[in-house]
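Peer 1: The following block contains the structure, expressed as structure tokens.
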2 protein chains.
Amino acid sequence: MTQAQPYSATEEKMARYAKALSHPARVFILRFLEQQCACFAGDISEQLPMANSTVSQHLKVLKEAGLIKGSFNPPTIEYCIDKENWTEAKALFEAFFTPCC
Amino acid sequence: MTQAQPYSATEEKMARYAKALSHPARVFILRFLEQQCACFAGDISEQLPMANSTVSQHLKVLKEAGLIKGSFNPPTIEYCIDKENWTEAKALFEAFFTPCC
DNA sequence: TGAGTATTTCGTAAAAATACGAAATAGGTA
DNA sequence: TACCTATTTCGTATTTTTACGAAATACTCA
């Protein structure tokens, strides 16, 4: 415990994206959205063994992590992958698992 | 909530590895081990702004996730990346971020 | 045997994640 | 205007994570 310095920006980002992926329901949702390109919250909820409100919470976590976007079109909300951040996350994980040396 | 079926093995594994990566200290430790190939718990602890016992806890999480291995050589313990599972995790994340369609 | 070193385990406290059902929101339709 | 539908937010309970310091472990060396 000699160094009180915080973590690098890369480490923080990695951890943030990883945390978003750290629940099987959220992994499922992302894979589902990759296949569907876009779909409604209800379509997702139908596939998952949990209450609507819990699914909504997981969607919020993914939204806050920047991995998905929702476009409001009442009474439904259409969700899709946020491509920009998705690409960033992909690059981060790739670099992480393939070290330079 | 119409389907009470659990998640696929892939989803569970992804989530498990992602959870191991979901704290910046653990990301740091893994990057450190990638560079060092192998090192002692003390070497890691020196680099991190937290108590020894907390670092030990993070090492335990990584060990339980299968991403690192420790070889006991008292009074020290030498840690290194578990290459087999590392390769599996790498493949899982790659496939996840690069969908077929 | 007794001290020293590196590390983990234990006990505990505080914060965050997960889950539910009920209530709120916000627009479309009769 | 009053209802319907899809979704989120709220309040709450339970579990898990994170962190610390003190004590335990396990081996080496004097």
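Residue names in the structure tokens use chain letters A, B, ... in the order shown, residue numbers from 1 in each chain, and ligand numbers from 1 in the order shown.
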I'd like the neighbourhood of B:Thr54 as a PyMOL selection string, where a residue qualifies if any of its atoms comes within 12 Å (using only C-alpha atoms (C1' of nucleotides)), though same-chain residues fewer than 6 positions away should be ignored.
Peer 2: (chain A and resi 1) or (chain B and resi 25-26+41+44-45+48+60-61) or (chain C and resi 7-9) or (chain D and resi 17-21)
Peer 1: Go ahead and dump the residues you just picked, N, CA, C and O atoms (P, O5', C5', C4', C3', O3' and C1' of nucleotides), as a PDB file, in the first residue's frame.
Peer 2:
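After the write, selection21.pdb holds the following:
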ATOM      1  N   MET A   1       0.837  -1.213   0.000  1.00  0.00           N
ATOM      2  CA  MET A   1       0.000   0.000   0.000  1.00  0.00           C
ATOM      3  C   MET A   1       0.861   1.248   0.000  1.00  0.00           C
ATOM      4  O   MET A   1       0.596   2.199   0.691  1.00  0.00           O
TER       5      MET A   1
ATOM      6  N   ALA B  25      -8.581  -2.406  -9.893  1.00  0.00           N
ATOM      7  CA  ALA B  25      -7.418  -3.039  -9.258  1.00  0.00           C
ATOM      8  C   ALA B  25      -7.134  -4.392  -9.907  1.00  0.00           C
ATOM      9  O   ALA B  25      -5.974  -4.764 -10.120  1.00  0.00           O
ATOM     10  N   ARG B  26      -8.184  -5.114 -10.231  1.00  0.00           N
ATOM     11  CA  ARG B  26      -7.983  -6.439 -10.835  1.00  0.00           C
ATOM     12  C   ARG B  26      -7.519  -6.316 -12.282  1.00  0.00           C
ATOM     13  O   ARG B  26      -6.707  -7.128 -12.749  1.00  0.00           O
ATOM     14  N   ALA B  41       3.100 -11.732  -4.636  1.00  0.00           N
ATOM     15  CA  ALA B  41       1.979 -10.943  -4.137  1.00  0.00           C
ATOM     16  C   ALA B  41       2.454  -9.577  -3.633  1.00  0.00           C
ATOM     17  O   ALA B  41       1.791  -8.570  -3.839  1.00  0.00           O
ATOM     18  N   ILE B  44       2.875  -6.934  -6.298  1.00  0.00           N
ATOM     19  CA  ILE B  44       1.588  -6.397  -6.733  1.00  0.00           C
ATOM     20  C   ILE B  44       1.082  -5.400  -5.708  1.00  0.00           C
ATOM     21  O   ILE B  44       0.685  -4.288  -6.035  1.00  0.00           O
ATOM     22  N   SER B  45       1.120  -5.826  -4.455  1.00  0.00           N
ATOM     23  CA  SER B  45       0.618  -5.008  -3.360  1.00  0.00           C
ATOM     24  C   SER B  45       1.304  -3.638  -3.319  1.00  0.00           C
ATOM     25  O   SER B  45       0.663  -2.621  -3.056  1.00  0.00           O
ATOM     26  N   LEU B  48      -0.332  -0.964  -5.502  1.00  0.00           N
ATOM     27  CA  LEU B  48      -1.750  -0.648  -5.354  1.00  0.00           C
ATOM     28  C   LEU B  48      -2.058   0.140  -4.087  1.00  0.00           C
ATOM     29  O   LEU B  48      -1.464  -0.125  -3.032  1.00  0.00           O
ATOM     30  N   LYS B  60      -7.599 -13.498  -4.854  1.00  0.00           N
ATOM     31  CA  LYS B  60      -8.465 -14.660  -4.667  1.00  0.00           C
ATOM     32  C   LYS B  60      -9.588 -14.682  -5.704  1.00  0.00           C
ATOM     33  O   LYS B  60      -9.910 -15.729  -6.277  1.00  0.00           O
ATOM     34  N   VAL B  61     -10.169 -13.518  -5.947  1.00  0.00           N
ATOM     35  CA  VAL B  61     -11.243 -13.418  -6.944  1.00  0.00           C
ATOM     36  C   VAL B  61     -10.722 -13.833  -8.318  1.00  0.00           C
ATOM     37  O   VAL B  61     -11.366 -14.602  -9.037  1.00  0.00           O
TER      38      VAL B  61
ATOM     39  P    DT C   7       4.546 -12.002  -0.839  1.00  0.00           P
ATOM     40  O5'  DT C   7       3.185 -12.531  -0.197  1.00  0.00           O
ATOM     41  C5'  DT C   7       2.947 -13.929  -0.198  1.00  0.00           C
ATOM     42  C4'  DT C   7       1.807 -14.273   0.719  1.00  0.00           C
ATOM     43  C3'  DT C   7       0.476 -13.618   0.390  1.00  0.00           C
ATOM     44  O3'  DT C   7      -0.293 -14.506  -0.410  1.00  0.00           O
ATOM     45  C1'  DT C   7       0.846 -13.912   2.733  1.00  0.00           C
ATOM     46  P    DT C   8      -1.805 -14.181  -0.795  1.00  0.00           P
ATOM     47  O5'  DT C   8      -2.595 -14.832   0.424  1.00  0.00           O
ATOM     48  C5'  DT C   8      -2.369 -16.206   0.719  1.00  0.00           C
ATOM     49  C4'  DT C   8      -3.101 -16.596   1.985  1.00  0.00           C
ATOM     50  C3'  DT C   8      -4.622 -16.466   1.889  1.00  0.00           C
ATOM     51  O3'  DT C   8      -5.179 -17.713   2.282  1.00  0.00           O
ATOM     52  C1'  DT C   8      -3.817 -15.326   3.817  1.00  0.00           C
ATOM     53  P    DT C   9      -6.742 -17.984   2.136  1.00  0.00           P
ATOM     54  O5'  DT C   9      -7.285 -17.694   3.617  1.00  0.00           O
ATOM     55  C5'  DT C   9      -6.862 -18.513   4.685  1.00  0.00           C
ATOM     56  C4'  DT C   9      -7.426 -17.961   5.986  1.00  0.00           C
ATOM     57  C3'  DT C   9      -8.946 -17.781   5.989  1.00  0.00           C
ATOM     58  O3'  DT C   9      -9.442 -18.373   7.186  1.00  0.00           O
ATOM     59  C1'  DT C   9      -7.899 -15.776   6.666  1.00  0.00           C
TER      60       DT C   9
ATOM     61  P    DT D  17     -19.947 -11.226  -5.273  1.00  0.00           P
ATOM     62  O5'  DT D  17     -19.401  -9.774  -4.910  1.00  0.00           O
ATOM     63  C5'  DT D  17     -20.002  -8.644  -5.531  1.00  0.00           C
ATOM     64  C4'  DT D  17     -19.333  -7.370  -5.053  1.00  0.00           C
ATOM     65  C3'  DT D  17     -17.812  -7.416  -5.015  1.00  0.00           C
ATOM     66  O3'  DT D  17     -17.367  -6.250  -5.691  1.00  0.00           O
ATOM     67  C1'  DT D  17     -18.676  -6.664  -2.929  1.00  0.00           C
ATOM     68  P    DT D  18     -15.829  -5.981  -6.035  1.00  0.00           P
ATOM     69  O5'  DT D  18     -15.347  -5.121  -4.796  1.00  0.00           O
ATOM     70  C5'  DT D  18     -15.868  -3.806  -4.613  1.00  0.00           C
ATOM     71  C4'  DT D  18     -15.399  -3.244  -3.291  1.00  0.00           C
ATOM     72  C3'  DT D  18     -13.891  -3.346  -3.046  1.00  0.00           C
ATOM     73  O3'  DT D  18     -13.363  -2.026  -3.024  1.00  0.00           O
ATOM     74  C1'  DT D  18     -15.168  -3.914  -1.119  1.00  0.00           C
ATOM     75  P    DA D  19     -11.786  -1.797  -2.911  1.00  0.00           P
ATOM     76  O5'  DA D  19     -11.543  -1.761  -1.343  1.00  0.00           O
ATOM     77  C5'  DA D  19     -12.002  -0.638  -0.605  1.00  0.00           C
ATOM     78  C4'  DA D  19     -11.845  -0.897   0.868  1.00  0.00           C
ATOM     79  C3'  DA D  19     -10.443  -1.350   1.289  1.00  0.00           C
ATOM     80  O3'  DA D  19      -9.704  -0.237   1.777  1.00  0.00           O
ATOM     81  C1'  DA D  19     -12.198  -2.531   2.428  1.00  0.00           C
ATOM     82  P    DC D  20      -8.166  -0.408   2.170  1.00  0.00           P
ATOM     83  O5'  DC D  20      -8.330  -0.756   3.709  1.00  0.00           O
ATOM     84  C5'  DC D  20      -9.033   0.161   4.561  1.00  0.00           C
ATOM     85  C4'  DC D  20      -9.174  -0.447   5.931  1.00  0.00           C
ATOM     86  C3'  DC D  20      -7.861  -0.986   6.489  1.00  0.00           C
ATOM     87  O3'  DC D  20      -7.325  -0.045   7.405  1.00  0.00           O
ATOM     88  C1'  DC D  20      -9.688  -2.524   6.821  1.00  0.00           C
ATOM     89  P    DG D  21      -5.842  -0.172   7.986  1.00  0.00           P
ATOM     90  O5'  DG D  21      -6.051  -1.148   9.245  1.00  0.00           O
ATOM     91  C5'  DG D  21      -7.004  -0.799  10.252  1.00  0.00           C
ATOM     92  C4'  DG D  21      -7.084  -1.931  11.269  1.00  0.00           C
ATOM     93  C3'  DG D  21      -5.734  -2.387  11.820  1.00  0.00           C
ATOM     94  O3'  DG D  21      -5.911  -2.698  13.198  1.00  0.00           O
ATOM     95  C1'  DG D  21      -6.807  -4.208  10.774  1.00  0.00           C
TER      96       DG D  21
END
Peer 1: Select all residues from chain A having any atom no more than 8 Å from an atom of chain B (counting only C-alpha atoms, ignoring ligands), output as JSON, numbers by chain.
Peer 2: {"A": [1, 2, 3, 4, 5, 6, 7, 11, 12, 14, 15, 16, 17, 18, 19, 21, 22, 23, 24, 25, 27, 28, 31, 34, 35, 45, 46, 47, 48, 49, 50, 51, 52, 86, 90, 93, 94, 96, 97, 99, 101]}
Peer 1: Return the neighbours of chain A among the residues of chain D, cut-off 12 Å, counting only C-alpha atoms (C1' of nucleotides), as a PyMOL selection string.
Peer 2: chain D and resi 4-10
Peer 1: Mind pulling up the distance from atom C1' of C:DA6 to atom CA of B:Glu84?
Peer 2: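 Distance reported for this atom pair: 27.7 Å.
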Peer 1: Would you mind writing down, as a ChimeraX atom specification, each residue of chain B that DSSP on the backbone assigns to alpha helix (DSSP H)?
Peer 2: /B:9-20,24-36,41-47,52-65,83-97
Peer 1: In Å, with one decimal, what is the gap from atom CA of A:His58 to atom CA of B:Leu92?
Peer 2: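 We find that atom CA of A:His58 and atom CA of B:Leu92 lie 21.3 Å from each other.
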Peer 1: Quick one: which chain C residues come within 8 Å of chain A, and what is the nearest atom pair for each with the distance in Å to one decimal, counting only C-alpha atoms (C1' of nucleotides), rows ordered by chain and ascending number, as JSON lines?
Peer 2:
{"residue": "C:DA19", "atom": "C1'", "partner": "A:Thr54", "partner_atom": "CA", "distance": 6.4}
{"residue": "C:DC20", "atom": "C1'", "partner": "A:Ala51", "partner_atom": "CA", "distance": 7.2}
{"residue": "C:DA26", "atom": "C1'", "partner": "A:Pro74", "partner_atom": "CA", "distance": 7.0}
{"residue": "C:DG27", "atom": "C1'", "partner": "A:Pro74", "partner_atom": "CA", "distance": 5.5}
Peer 1: Taking the DSSP assignment computed from this structure's backbone, write out as a CSV table (one decimal) with C-alpha atoms, in the first residue's frame all residues of stretch 8-98 of chain B that belong to strand (DSSP E or B).
Peer 2:
chain,number,residue,atom,x,y,z
B,39,CYS,CA,5.6,-12.1,-9.7
B,40,PHE,CA,5.0,-12.2,-6.0
B,68,ILE,CA,-4.4,-16.5,-12.5
B,69,LYS,CA,-2.5,-19.2,-10.7
B,70,GLY,CA,-0.3,-19.0,-7.6
B,71,SER,CA,2.6,-21.3,-6.9
B,72,PHE,CA,3.3,-21.5,-3.2
B,73,ASN,CA,7.0,-21.1,-2.4
B,76,THR,CA,6.2,-16.0,-0.9
B,77,ILE,CA,3.7,-16.9,-3.5
B,78,GLU,CA,4.4,-16.5,-7.1
B,79,TYR,CA,1.5,-15.5,-9.3
B,80,CYS,CA,1.1,-15.8,-13.1
B,81,ILE,CA,-1.6,-15.7,-15.7
Peer 1: What's around C:DA30 at 12 Å? Count only C-alpha atoms (C1' of nucleotides), leave out sequence neighbours fewer than 5 positions away in its own chain, and write the answer as a VMD selection string.
Peer 2: chain D and resid 1 to 4
Peer 1: Those residues with N, CA and C atoms (P, O5', C5', C4', C3', O3' and C1' of nucleotides), as a short mmCIF file (atom, residue, chain, number, x, y, z; two decimals), in the first residue's frame please?
Peer 2:
data_model
loop_
_atom_site.label_atom_id
_atom_site.label_comp_id
_atom_site.auth_asym_id
_atom_site.auth_seq_id
_atom_site.Cartn_x
_atom_site.Cartn_y
_atom_site.Cartn_z
P DT D 1 -59.70 16.56 -20.05
"O5'" DT D 1 -61.07 16.31 -19.23
"C5'" DT D 1 -62.31 16.23 -20.03
"C4'" DT D 1 -62.82 14.79 -20.00
"C3'" DT D 1 -62.07 13.87 -19.03
"O3'" DT D 1 -63.00 12.99 -18.39
"C1'" DT D 1 -61.95 12.97 -21.21
P DA D 2 -62.64 12.27 -16.99
"O5'" DA D 2 -62.51 10.75 -17.42
"C5'" DA D 2 -63.61 10.11 -18.09
"C4'" DA D 2 -63.11 8.79 -18.66
"C3'" DA D 2 -62.23 7.99 -17.70
"O3'" DA D 2 -62.65 6.63 -17.74
"C1'" DA D 2 -61.07 8.34 -19.72
P DC D 3 -61.95 5.56 -16.75
"O5'" DC D 3 -61.11 4.63 -17.73
"C5'" DC D 3 -61.83 3.84 -18.69
"C4'" DC D 3 -60.90 3.44 -19.82
"C3'" DC D 3 -59.88 2.36 -19.46
"O3'" DC D 3 -60.01 1.34 -20.43
"C1'" DC D 3 -58.84 4.14 -20.61
P DC D 4 -59.52 -0.14 -20.12
"O5'" DC D 4 -58.23 -0.27 -21.03
"C5'" DC D 4 -58.36 -0.16 -22.47
"C4'" DC D 4 -56.98 -0.08 -23.08
"C3'" DC D 4 -55.97 -1.05 -22.46
"O3'" DC D 4 -55.38 -1.83 -23.49
"C1'" DC D 4 -55.06 1.14 -22.57
#
